[in-house]
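Raw final.cif, mmCIF, C-alpha atoms:
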data_target
loop_
_atom_site.label_atom_id
_atom_site.label_comp_id
_atom_site.auth_asym_id
_atom_site.auth_seq_id
_atom_site.Cartn_x
_atom_site.Cartn_y
_atom_site.Cartn_z
CA MET A 1 -35.63 24.70 34.67
CA GLY A 2 -36.50 21.18 33.40
CA VAL A 3 -37.61 22.58 30.02
CA TYR A 4 -34.32 24.51 29.73
CA GLU A 5 -32.31 21.34 30.44
CA GLU A 6 -34.31 19.38 27.83
CA LYS A 7 -33.73 22.08 25.21
CA LYS A 8 -30.04 22.13 26.08
CA GLU A 9 -29.80 18.35 25.65
CA ALA A 10 -31.74 18.48 22.37
CA CYS A 11 -29.40 21.20 21.06
CA GLY A 12 -26.37 19.14 22.08
CA THR A 13 -27.78 16.08 20.27
CA VAL A 14 -28.40 18.08 17.08
CA CYS A 15 -24.85 19.45 17.17
CA LEU A 16 -23.45 15.96 17.66
CA LYS A 17 -25.56 14.69 14.73
CA TYR A 18 -24.19 17.27 12.33
CA LEU A 19 -20.63 16.83 13.58
CA LEU A 20 -20.91 13.08 13.09
CA PHE A 21 -22.45 13.57 9.63
CA ALA A 22 -19.57 15.86 8.61
CA PHE A 23 -17.13 13.31 10.01
CA ASN A 24 -18.76 10.49 8.02
CA PHE A 25 -18.55 12.45 4.78
CA LEU A 26 -14.83 13.08 5.32
CA PHE A 27 -14.42 9.49 6.45
CA TRP A 28 -16.06 8.25 3.24
CA LEU A 29 -13.67 10.37 1.14
CA ALA A 30 -10.72 9.11 3.20
CA GLY A 31 -11.86 5.52 2.59
CA GLY A 32 -11.72 6.17 -1.14
CA GLY A 33 -8.20 7.55 -0.72
CA VAL A 34 -7.06 4.52 1.31
CA MET A 35 -8.49 2.10 -1.26
CA ALA A 36 -6.88 4.10 -4.10
CA VAL A 37 -3.42 3.83 -2.47
CA GLY A 38 -3.86 0.06 -2.04
CA VAL A 39 -5.11 -0.48 -5.61
CA TRP A 40 -2.32 1.72 -7.02
CA THR A 41 0.26 -0.38 -5.17
CA LEU A 42 -1.18 -3.64 -6.49
CA VAL A 43 -1.83 -2.51 -10.08
CA GLU A 44 0.92 -0.02 -10.95
CA LYS A 45 3.69 -1.62 -8.92
CA SER A 46 2.64 -5.29 -9.13
CA ASP A 47 5.71 -6.09 -11.26
CA TYR A 48 8.05 -5.12 -8.43
CA ILE A 49 6.09 -7.28 -5.98
CA SER A 50 7.08 -10.33 -8.06
CA LEU A 51 10.76 -9.59 -7.29
CA LEU A 52 10.17 -9.95 -3.55
CA SER A 53 10.17 -13.33 -1.84
CA SER A 54 8.10 -12.08 1.09
CA LYS A 55 4.37 -11.42 0.63
CA THR A 56 4.25 -8.85 3.45
CA TYR A 57 4.39 -5.84 1.12
CA ALA A 58 1.48 -7.15 -0.97
CA ALA A 59 -0.44 -8.14 2.18
CA SER A 60 -0.21 -4.56 3.49
CA ALA A 61 -1.68 -3.28 0.21
CA TYR A 62 -4.52 -5.85 0.26
CA ILE A 63 -5.38 -4.87 3.83
CA LEU A 64 -5.53 -1.22 2.76
CA VAL A 65 -7.92 -2.06 -0.11
CA LEU A 66 -10.14 -4.07 2.26
CA ALA A 67 -10.05 -1.36 4.92
CA GLY A 68 -10.84 1.34 2.34
CA ALA A 69 -13.87 -0.59 1.02
CA ILE A 70 -15.20 -1.15 4.55
CA VAL A 71 -14.60 2.52 5.39
CA MET A 72 -16.74 3.66 2.44
CA VAL A 73 -19.60 1.31 3.40
CA THR A 74 -19.24 2.35 7.04
CA GLY A 75 -19.42 6.04 6.09
CA VAL A 76 -22.82 5.50 4.46
CA LEU A 77 -24.02 3.42 7.43
CA GLY A 78 -22.82 6.14 9.80
CA CYS A 79 -24.89 8.79 7.99
CA CYS A 80 -28.00 6.56 8.20
CA ALA A 81 -27.40 5.82 11.89
CA THR A 82 -26.88 9.51 12.65
CA PHE A 83 -30.05 10.82 11.00
CA LYS A 84 -32.32 7.96 12.05
CA GLU A 85 -31.00 8.27 15.62
CA GLN A 86 -31.13 4.53 16.15
CA ARG A 87 -28.93 3.22 18.91
CA ARG A 88 -28.71 -0.22 17.31
CA LEU A 89 -27.30 1.23 14.10
CA LEU A 90 -24.88 3.35 16.12
CA ARG A 91 -23.68 0.19 17.90
CA VAL A 92 -23.08 -1.55 14.55
CA TYR A 93 -21.33 1.57 13.26
CA PHE A 94 -19.06 1.73 16.31
CA VAL A 95 -18.11 -1.96 15.97
CA LEU A 96 -17.26 -1.44 12.26
CA LEU A 97 -15.10 1.58 13.14
CA LEU A 98 -13.28 -0.53 15.69
CA CYS A 99 -12.74 -3.37 13.15
CA ILE A 100 -11.32 -0.92 10.59
CA PHE A 101 -9.09 0.60 13.26
CA LEU A 102 -7.69 -2.88 14.08
CA LEU A 103 -7.18 -3.64 10.37
CA GLU A 104 -5.16 -0.45 9.94
CA ILE A 105 -3.11 -1.21 13.03
CA LEU A 106 -2.37 -4.65 11.52
CA ALA A 107 -1.34 -3.07 8.20
CA GLY A 108 0.89 -0.63 10.09
CA ILE A 109 2.56 -3.45 12.06
CA LEU A 110 3.16 -5.47 8.85
CA ALA A 111 4.62 -2.40 7.12
CA TYR A 112 6.92 -1.71 10.11
CA ILE A 113 8.12 -5.33 10.31
CA TYR A 114 8.81 -5.38 6.58
CA TYR A 115 10.57 -2.02 6.82
CA GLN A 116 13.04 -3.63 9.24
CA GLN A 117 13.73 -6.76 7.16
CA LEU A 118 13.61 -5.29 3.64
CA ASN A 119 17.34 -4.64 3.19
CA GLU A 120 18.29 -8.16 4.23
CA GLU A 121 15.64 -9.73 1.99
CA LEU A 122 16.77 -7.78 -1.07
CA LYS A 123 20.42 -8.68 -0.45
CA GLN A 124 19.57 -12.37 -0.19
CA ASN A 125 17.03 -12.73 -2.99
CA LEU A 126 17.17 -10.00 -5.65
CA ARG A 127 20.48 -11.03 -7.22
CA GLU A 128 19.47 -14.70 -7.39
CA THR A 129 16.05 -13.82 -8.83
CA MET A 130 17.56 -11.65 -11.54
CA THR A 131 20.30 -14.08 -12.59
CA GLN A 132 18.36 -17.35 -12.30
CA LYS A 133 14.85 -16.40 -13.48
CA TYR A 134 15.37 -13.65 -16.08
CA LYS A 135 14.18 -14.70 -19.55
CA GLN A 136 13.21 -18.16 -18.32
CA SER A 137 10.01 -19.58 -19.86
CA SER A 138 8.15 -20.06 -16.57
CA HIS A 139 9.10 -16.64 -15.18
CA GLU A 140 7.86 -14.09 -17.73
CA HIS A 141 6.58 -11.85 -14.92
CA VAL A 142 10.10 -11.65 -13.47
CA THR A 143 11.51 -10.70 -16.88
CA ARG A 144 8.95 -7.87 -17.22
CA ALA A 145 9.66 -6.69 -13.67
CA VAL A 146 13.46 -6.66 -14.16
CA ASP A 147 13.23 -4.80 -17.49
CA LYS A 148 10.85 -2.25 -15.98
CA LEU A 149 13.06 -1.87 -12.89
CA GLN A 150 16.24 -1.24 -14.90
CA GLN A 151 14.57 1.20 -17.29
CA GLU A 152 12.59 3.18 -14.70
CA PHE A 153 15.38 3.45 -12.15
CA LYS A 154 18.21 3.70 -14.70
CA CYS A 155 20.25 0.89 -13.14
CA CYS A 156 21.80 -2.40 -14.26
CA GLY A 157 22.12 -5.58 -12.20
CA SER A 158 21.35 -6.20 -8.56
CA ASN A 159 24.58 -4.73 -7.15
CA SER A 160 26.32 -3.84 -10.41
CA SER A 161 26.21 -4.68 -14.13
CA SER A 162 28.83 -7.41 -13.55
CA ASP A 163 26.13 -9.49 -11.78
CA TRP A 164 24.74 -10.37 -15.20
CA ALA A 165 27.87 -12.41 -15.98
CA GLU A 166 26.35 -15.15 -13.79
CA SER A 167 22.94 -15.03 -15.47
CA VAL A 168 21.60 -18.32 -16.85
CA TRP A 169 20.23 -16.47 -19.86
CA ILE A 170 23.37 -14.40 -20.59
CA ARG A 171 25.43 -17.61 -20.62
CA SER A 172 23.05 -19.26 -23.06
CA ARG A 173 22.92 -18.94 -26.85
CA ASP A 174 19.55 -17.21 -26.55
CA ALA A 175 21.31 -14.07 -25.29
CA GLY A 176 22.77 -13.49 -28.76
CA GLY A 177 26.15 -12.43 -27.41
CA ARG A 178 24.73 -9.85 -25.02
CA MET A 179 26.75 -9.05 -21.89
CA VAL A 180 23.73 -7.47 -20.18
CA PRO A 181 20.00 -7.29 -21.01
CA ASP A 182 18.94 -4.58 -23.45
CA SER A 183 17.00 -2.91 -20.62
CA CYS A 184 20.36 -1.87 -19.12
CA CYS A 185 21.02 0.42 -22.10
CA LYS A 186 20.63 4.17 -21.88
CA THR A 187 19.09 4.11 -25.35
CA ARG A 188 17.33 0.79 -25.67
CA THR A 189 17.65 -0.93 -29.04
CA ASP A 190 17.78 -4.57 -30.07
CA LEU A 191 21.12 -6.22 -29.11
CA CYS A 192 22.42 -3.01 -27.48
CA GLY A 193 23.34 -5.16 -24.48
CA ARG A 194 26.33 -6.58 -26.35
CA ARG A 195 28.35 -3.55 -25.27
CA ASP A 196 28.65 -2.94 -21.51
CA HIS A 197 30.68 0.28 -21.62
CA PRO A 198 29.52 3.03 -19.17
CA SER A 199 28.69 5.24 -22.16
CA ASN A 200 26.15 2.65 -23.32
CA ILE A 201 24.64 1.16 -20.14
CA TYR A 202 23.62 2.44 -16.71
CA LYS A 203 26.42 2.19 -14.16
CA VAL A 204 24.89 3.14 -10.83
CA GLU A 205 26.71 2.77 -7.52
CA GLY A 206 24.86 0.16 -5.46
CA GLY A 207 22.98 -1.16 -8.49
CA CYS A 208 19.21 -1.69 -8.66
CA ILE A 209 19.05 -3.00 -5.10
CA THR A 210 19.51 0.49 -3.59
CA LYS A 211 16.99 2.02 -6.00
CA LEU A 212 14.33 -0.63 -5.34
CA GLU A 213 14.90 -0.48 -1.59
CA LYS A 214 14.43 3.30 -1.55
CA PHE A 215 11.27 3.01 -3.67
CA ILE A 216 9.69 0.37 -1.41
CA LEU A 217 10.69 2.18 1.80
CA ASP A 218 9.17 5.42 0.50
CA HIS A 219 6.01 3.55 -0.45
CA LEU A 220 5.82 1.85 2.95
CA LYS A 221 6.01 5.31 4.54
CA ILE A 222 3.02 6.41 2.43
CA ILE A 223 1.07 3.30 3.47
CA GLY A 224 1.98 3.91 7.11
CA ALA A 225 1.12 7.62 7.00
CA VAL A 226 -2.27 6.96 5.37
CA GLY A 227 -3.06 4.24 7.92
CA VAL A 228 -2.08 6.39 10.92
CA GLY A 229 -3.97 9.40 9.56
CA ILE A 230 -7.20 7.46 9.07
CA ALA A 231 -6.79 5.74 12.45
CA CYS A 232 -6.54 9.12 14.22
CA VAL A 233 -9.68 10.34 12.43
CA GLN A 234 -11.47 7.15 13.47
CA VAL A 235 -10.74 7.75 17.15
CA ILE A 236 -12.54 11.11 16.84
CA GLY A 237 -15.44 9.36 15.09
CA MET A 238 -15.70 6.76 17.85
CA VAL A 239 -15.79 9.50 20.49
CA PHE A 240 -18.57 11.34 18.60
CA THR A 241 -20.50 8.06 18.24
CA CYS A 242 -20.27 7.32 21.96
CA CYS A 243 -21.43 10.86 22.83
CA LEU A 244 -24.41 10.66 20.45
CA TYR A 245 -25.26 7.15 21.69
CA ARG A 246 -25.37 8.37 25.29
CA SER A 247 -27.43 11.43 24.41
CA LEU A 248 -30.18 9.37 22.73
CA LYS A 249 -32.90 7.90 24.87
CA ALA A 250 -33.01 4.13 25.11
CA GLU A 251 -35.11 2.54 22.40
CA PRO A 252 -38.38 0.99 23.58
CA TYR A 253 -38.59 -2.78 23.34
#
Let's see the structure in the file written out as structure tokens.
Amino acid sequence: MGVYEEKKEACGTVCLKYLLFAFNFLFWLAGGGVMAVGVWTLVEKSDYISLLSSKTYAASAYILVLAGAIVMVTGVLGCCATFKEQRRLLRVYFVLLLCIFLLEILAGILAYIYYQQLNEELKQNLRETMTQKYKQSSHEHVTRAVDKLQQEFKCCGSNSSSDWAESVWIRSRDAGGRMVPDSCCKTRTDLCGRRDHPSNIYKVEGGCITKLEKFILDHLKIIGAVGVGIACVQVIGMVFTCCLYRSLKAEPY
């Protein structure tokens, strides 16, 4: 009977090992996905981040990159711990899983908080940023971001094209008689911004503020969904780790 019980325990340990190995492989792939989402946010959409006064959106992306990198390292460590059957390594692996879990919870909380305050922030800051900093020598990044925003989202001005009437640049001689930036034009050519007729420029209800808000909210949902998905997978991994840890005999000292 004792031999049967030992064989049963050994079989259970082997099953747990392979389950945990499969989990770690998937976990490693997921870590790459998490890091890719964070890097994409920071690289591809970095221009839009410069239009926001709050750093919460960027912070959420940085946390995702950090969590993704740790996840990939942890996945490799988990495979080593599983096959070497060392309880010490399993303890380190469990602690790392817990740290990543807490990081993702933090990113989720930041994303949720920012989700709630985004509309108010855009209303307060976007119009002022566009009218006061566009085409100013020390704010080239804002100029690039505004031009990209208006061209990609086919909009003009924060709330409407008339917002540009208060622009420091439009009122200056440097504007060359333009009524709106050339990036407002449906077909962008040099000095096309001199004519602000609806046939020439984008006239979108709600202006760029509604477009940018929708974009950021959709992106925050992606960040949140990725974080929650990985966090759920991690809980399973932690359970497997605890089960394997308990099934292994204590290491001799």
Subject >> For stretch 139-142 of chain A: contacts at 9 Å, only C-alpha atoms, fewer than 2 positions along chain excluded, given as a PyMOL selection string >> reply: chain A and resi 47-48+50-51+129-130+133-137+144-147
Subject >> Using all atoms listed in the file: which of A:Ala175, A:Leu126, A:Ala61, A:Ala22 has the shortest distance to A:Thr82 >> reply: A:Ala22
Original post:
So which residues are close to (-23.7, 11.7, 12.8), meaning at most 6 Å away in the file's coordinates with only C-alpha atoms counted, and can you show them as a PyMOL selection string?
Top reply: chain A and resi 17-18+20-21+79+82
Original post:
Could you state the separation of atom CA of A:Leu106 and atom CA of A:Cys242 in Å, given to one decimal place?
Top reply: 23.9 Å
**OP:** Rank A:Gln234, A:Ser162, A:Ser138, A:Gln86 by their smallest atom-to-atom distance to A:Cys184, using only C-alpha atoms, and report the top residue only.
**Re:** A:Ser162
**OP:** Would you mind listing what lies within 9 Å of A:Leu118 as a ChimeraX atom specification, with all atoms listed in the file counted and same-chain residues fewer than 6 positions away left out?
**Re:** /A:213,216-217
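Nearest-residue note for A:Arg246: choosing from A:Leu98, A:Leu16, A:Asp190, A:Arg173, the minimum distance belongs to A:Leu16, counting only C-alpha atoms.
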Original post:
Could you list as number ranges by chain every residue that has an atom within 9 Å of (21.6, -9.3, -12.3), using the file's coordinates and counting all atoms listed in the file?
Top reply: A: 126-132, 134, 146, 156-167, 180, 208
Original post:
So which residues touch A:Trp28 within 8 Å, counting all atoms listed in the file, skipping near sequence neighbours fewer than 6 positions away, as a ChimeraX atom specification?
Top reply: /A:71-76
Original post:
Nearest to A:Ile223 among A:Phe153, A:Tyr202, A:Phe101, A:Tyr62, with distances taken over all atoms listed in the file: which residue is it?
Top reply: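 So, comparing all the options, the nearest one is A:Tyr62.
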